[in-house]
Each structure stands twice: as structure tokens, then as C-alpha cells.
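Take a look at the structure set out below.
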Amino acid sequence: MTPWLLVDINLPLDRFTLSVKWETSGPALGIFGPSGAGKTSILESIAGLRRGARGTVRVGGETWLDSARGIVRPPEGRGVGYVPQDALLFPHRDVLGNILSGSGRARRSGAPRVDPERALEVLELRDLRHRDVSGLSGGERQRVALGRALCSGPALLLLDEPLGSLDQPLRRRILPYLLRIQEEFAVPTIYVSHEATEVTLLCREVLVLEAGREAARGRPEEVFIDRAIFPMARAGGFENILTGRVVEASRSVATVELEPGTRVTVAAQGQSVGQDVIVAARAEDLILAVHPPTGLSAQNILVGEIREIRQPGGGDGGIDEDGGQVVVVVRVGRLGVPLLATVTAQACRQLALAPGGRVHLVCKANSLHVLATR
Amino acid sequence: MSPLLISLKVAGWVTVLILPPGVLLGLLLARGGFRGKSLIETAATLPLVLPPTAVGYLLLRLLGRYGPLGEPSLGFDLDLLFTWKGAVLASGVMALPLVVRTARVAFEEVDPRLEGMARTLGLGRVRTFVEITLPLARRGLLAAAILGFSRALGEFGATVIVAGSIPGRTQTLALAIFNDMQIGHDSEAMALVAVTVALAFAAVFTVEILLRKRPDVA
């Protein structure tokens, strides 16, 4: 597969020079890193909004920037659908007016067109179409910005923390829209976030950015549990992400089969049998037991094998930031990804946890939440 | 023609004529980062601080028989001195700084990131200006026009030198008040003052409302 995206840019910033290079053929790339790492600057360079950017940007066979050959396409000649953190809606236009702002380009570009009516429907904005944008809530503003980007016939979507300005419950509500957009419109996307869970959910590939440089790159579920990256991922709300299918559902709980024979009970929010769901659990919410626990109210006990134990400090490179906590990496059955649990160093000693040892992972149904339904 | 009509005619033409260059200069000063910017800025502000008579005198010398814009130099007569067109020129020069400054502030209040956003959506520079910048700056630009109009309406010093005070032809409200006062027509002068106060009040009041901060148009 030929890469649809090649980025190789240098951009002097206040505190460091942003310098990244990567090419990818994956449809959704995440850029993850702490704030101030230069994530937004990458997007702005790709969009053509940073004059100081030098290097090469090639998207879908078109060259947008090639400093060596003196090619610098203006922003209007590039074809990005940019959704900045603060939405940047046009205050003098209503919802529909904003969404149609780039429709002229969409007509000319020959790119597969997104029908504005369909976008309004997917983003649940139909009833708001003639509303003034100044009266919209944060979540509504972000959805309008997404719609505007989608309807402009973009060759590439640039989403800059589209959920960043929203509180946690709202983020969880908008997340499904982003997944739906991916499935429905299939536009290559670069997704910037400092939320590990969102990146894991939305991207097949992530680039971890630290002070303007690549710190790691790869599949999110592998990169985030890397010992050098995990502290950062954890600061960014790392969660264990599991996928499965609902096999039983009642009003309050649902049973999800992660793989044949491995089932978990989760707090349900109207899921129905047969749905594919994504379930998340924080590493802090998993309890370890060396003997089969009995008489617990917790609904889930998974048996697994310890693959790795990461001690705090001890030259583990950055693990100090875990506040003296031990990260235990457990493989459960044939699940594609290992689960990470954090325990205190004292608990680790008392239980004599060691790689290769059998453990029981205990988790309340309420600590497992459904992130999205596919 | 009555002084009121002459004033309205002169101020009207001033507004129409200086709005385009005033808005352009305002835009340039708000967005441009170029060499000589402070020089243009200063030059555009000068008429605001110079004595109007000084500006009028300079214009008179410029347009006079031996000036660079006089008939012998140009080969034809611009026919500005002691005409209502001369009054337009004089009060136009005096009103320009106010228009430029107000337009500049109007453009500065438009978030340049919105313009960048418009361009990523495929709008070129010109369309971005017409579809995004202008509508977002429209209140400030309207205020600039009204302020320019009011300034022209009240201009005295430069106008009297360039256009004279010819009753029925170049005698504007401001000039007529001075004239009536000098010849002792106090009640006529007072009536004209009342008219100017009413006009100025309406104009400035409108500007205040236009420029009032509205959070929803931020």
C-alpha cells in the first residue's frame, strides 16, 4: 500500500524546534502528547497556516509543501478539513451557513462528497440548522465544526482535540460521533489528543510527541503500555480497552463476551444483545488476587498470567512519575492486548507478585464502562 | 443652497470618497507587517493633530497657481479652489485619520484565525476578505463611515482656506455659524448651532451603539 501521507517538517517554536517525519498508509493517525509538545503546530503546518514550516508534506499523491523545490501551496489549495480545539465557528453565520462554508470547494474538488443533509443527520444537528452559533453548547459547537470540515470535500481531516474543551461526560457522548464519522465517511484523519483512550479508540497508529520530537510510534494499544510511554499515557487518562459482543443484557447490566469463554459484566446503558461494544477499565480499578477470591460483590474475576512487573524508579526510565506505584502487565487468555493494573509497591511485595505467576483480576461491573457501541 | 444642504453634500461625498482608501489603509495597518508601517501610520494621523489651518494652507499651496497641482504645472485646471469640491478635499483630508483608525480597530477585532479557517475551507484571500473579514468588521466600518461623515460636517479651518466661505456655494454649517456670529446674526447662528448639535448627537450616539461590545459578535 502506498503511503497516502508523508510529513517531514521542521518548524522553529518558542522553546524548541518541531521536527517530525513520518509516512503512513493507515486511515487514522493519532498524535498524542502532553500540551505544549507541538501537536497543534503539526496540524497547522499541514493545513498551511504556519509560514515558518519547512520540509515536505504530501497527501494522496499531491505535494502541498516542498521547501527544497519552492512549493508552498496556500491553505485554500490544500484540501484539509480542520477542526481546531475551539471550533472557530463563523459568528455571523447560522449552523447551516457554517456547515456549508466549504461547499464550494467540495463541488470543485471532485472528492467524494458528503451530503450536508447526511452530515446534519449523523451529527444530530438537524433541529439546530437555523440556530445562531453563539447560542450553542460546547458539544454542539464541536459537532458543527466537524460538519463544516466534512462538507468541504477534504482530502484529509485534521482534528485538534475536538473533545478537548468538553467535560468528561460530554466527551464520552461526542466520541461515538467521531467513530460514526470514520465509518460513514471514511476520510483519512489525523487526530490530535492528549487522551490516551480516545486515541486508542479512534486510531490504528499513534505518534507520541514530546517537546517537538517523536518519542514513539506504533499501534496505540502497544505504544501506550510501553514502559517509557505509559507514564505519559496514564497522565492522559490511560484505560484498558477491550472489545467484545453483548451476549446478555438486562436493565442494569450487560454481559460482554471478549473472546470465547471470557466474559465480563458491565454497567449497561441500554445495550442490546448482539451489539459490538468497546469497554474500558482504568488500571487503578483492577484489583489483583493471587488466590481465587470468593464472596465478593465485584462481578468480574479474570484469570491471567503476569507477563511483566514494572517497579517504580529503579532505572526504569520515567516510571518515577507513577508515584511509587507498580504496574503489573497481565495477559488474560487469548485477549489481543494485555491488561495493565496498578498496585502499591507494598501490595506487590506482600503478594510476592512475579512474572509468570498466576493472578486473578477483580473488577466491579461499575468500573467497566461501555465507551461506544458499534 | 442652504448651509445645511451644502454641509450634507460635502460630508456625503467625503464619506463616499475616503471610505475605500480609509478602509484599505486600516486593513493594511491592522494586518500588514511591512517596512515603513509606522511611517504610514504617522502620516495618516497627522491631520488629526495639525492645526486645520495648517492643513488647509498646505492644500492651498499645493493647488495654487504655482503649486505642483496648479494649472500651469498640470496643464489643466483641477477647479478645486473656492468650490464645493475643494471643501470635500479639505474636510476629506481632515476626516481620513478618524476613518483609518476606526477601520483599523474594526479589523483588529476580527480573529485572524477565523480568516485562516476560511482559507482551509477553500476560500482565497479575496473571498475570505469579502465573506468573512468584511461582515465581521461591518459594525466598526459603519462606525468609521459615520465618524468620517461627522468630522467632515464640522470641519472649519481647512475648508475655509481651500474653499472660502461663499454663501450658497461653499458656505457649510460651520462656516455659516462663524459668518452669522461676525455680522451679529445671533439668532441665526444659534439656530445653525442647534442643527449641528442634533446631527452630531445622532451620529455619535449611533457610533456608540455600533461599537458597544457585544459578546456574541466577539
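Ordered as shown in the C-alpha cells, chains take letters A, B, and onward, while each chain numbers its residues from 1 and ligands are numbered from 1 in the order shown.
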
Please determine the contact residues of chain B with respect to chain A at a cut-off of 8 Å, counting only C-alpha atoms, and supply them as a list in words.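 On the chain B side, the interface is Arg113, Leu114, Gly116, Met117, Ala118, Arg119, Thr120, Leu121, Gly122, Leu123, Gly124, Ile132, Pro135, Leu136, Asp216, Val217 and Ala218 of chain B.
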
Excluding B:Val93 and its own-chain neighbours fewer than 3 positions away, which residues fall within 12 Å of it when counting only C-alpha atoms? Please give them as a PyMOL selection string. chain B and resi 11+14-15+17-19+21-22+43-48+50+52+54-56+58-59+86-90+96-100+148-149+151-152+155+157-159+162

With only C-alpha atoms as the atoms that count, which of A:Val327, A:Ala268, A:Val253, A:Leu361 lies nearest to A:Ile309?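 Once distances to A:Ile309 are computed over only C-alpha atoms, the minimum belongs to A:Val327.
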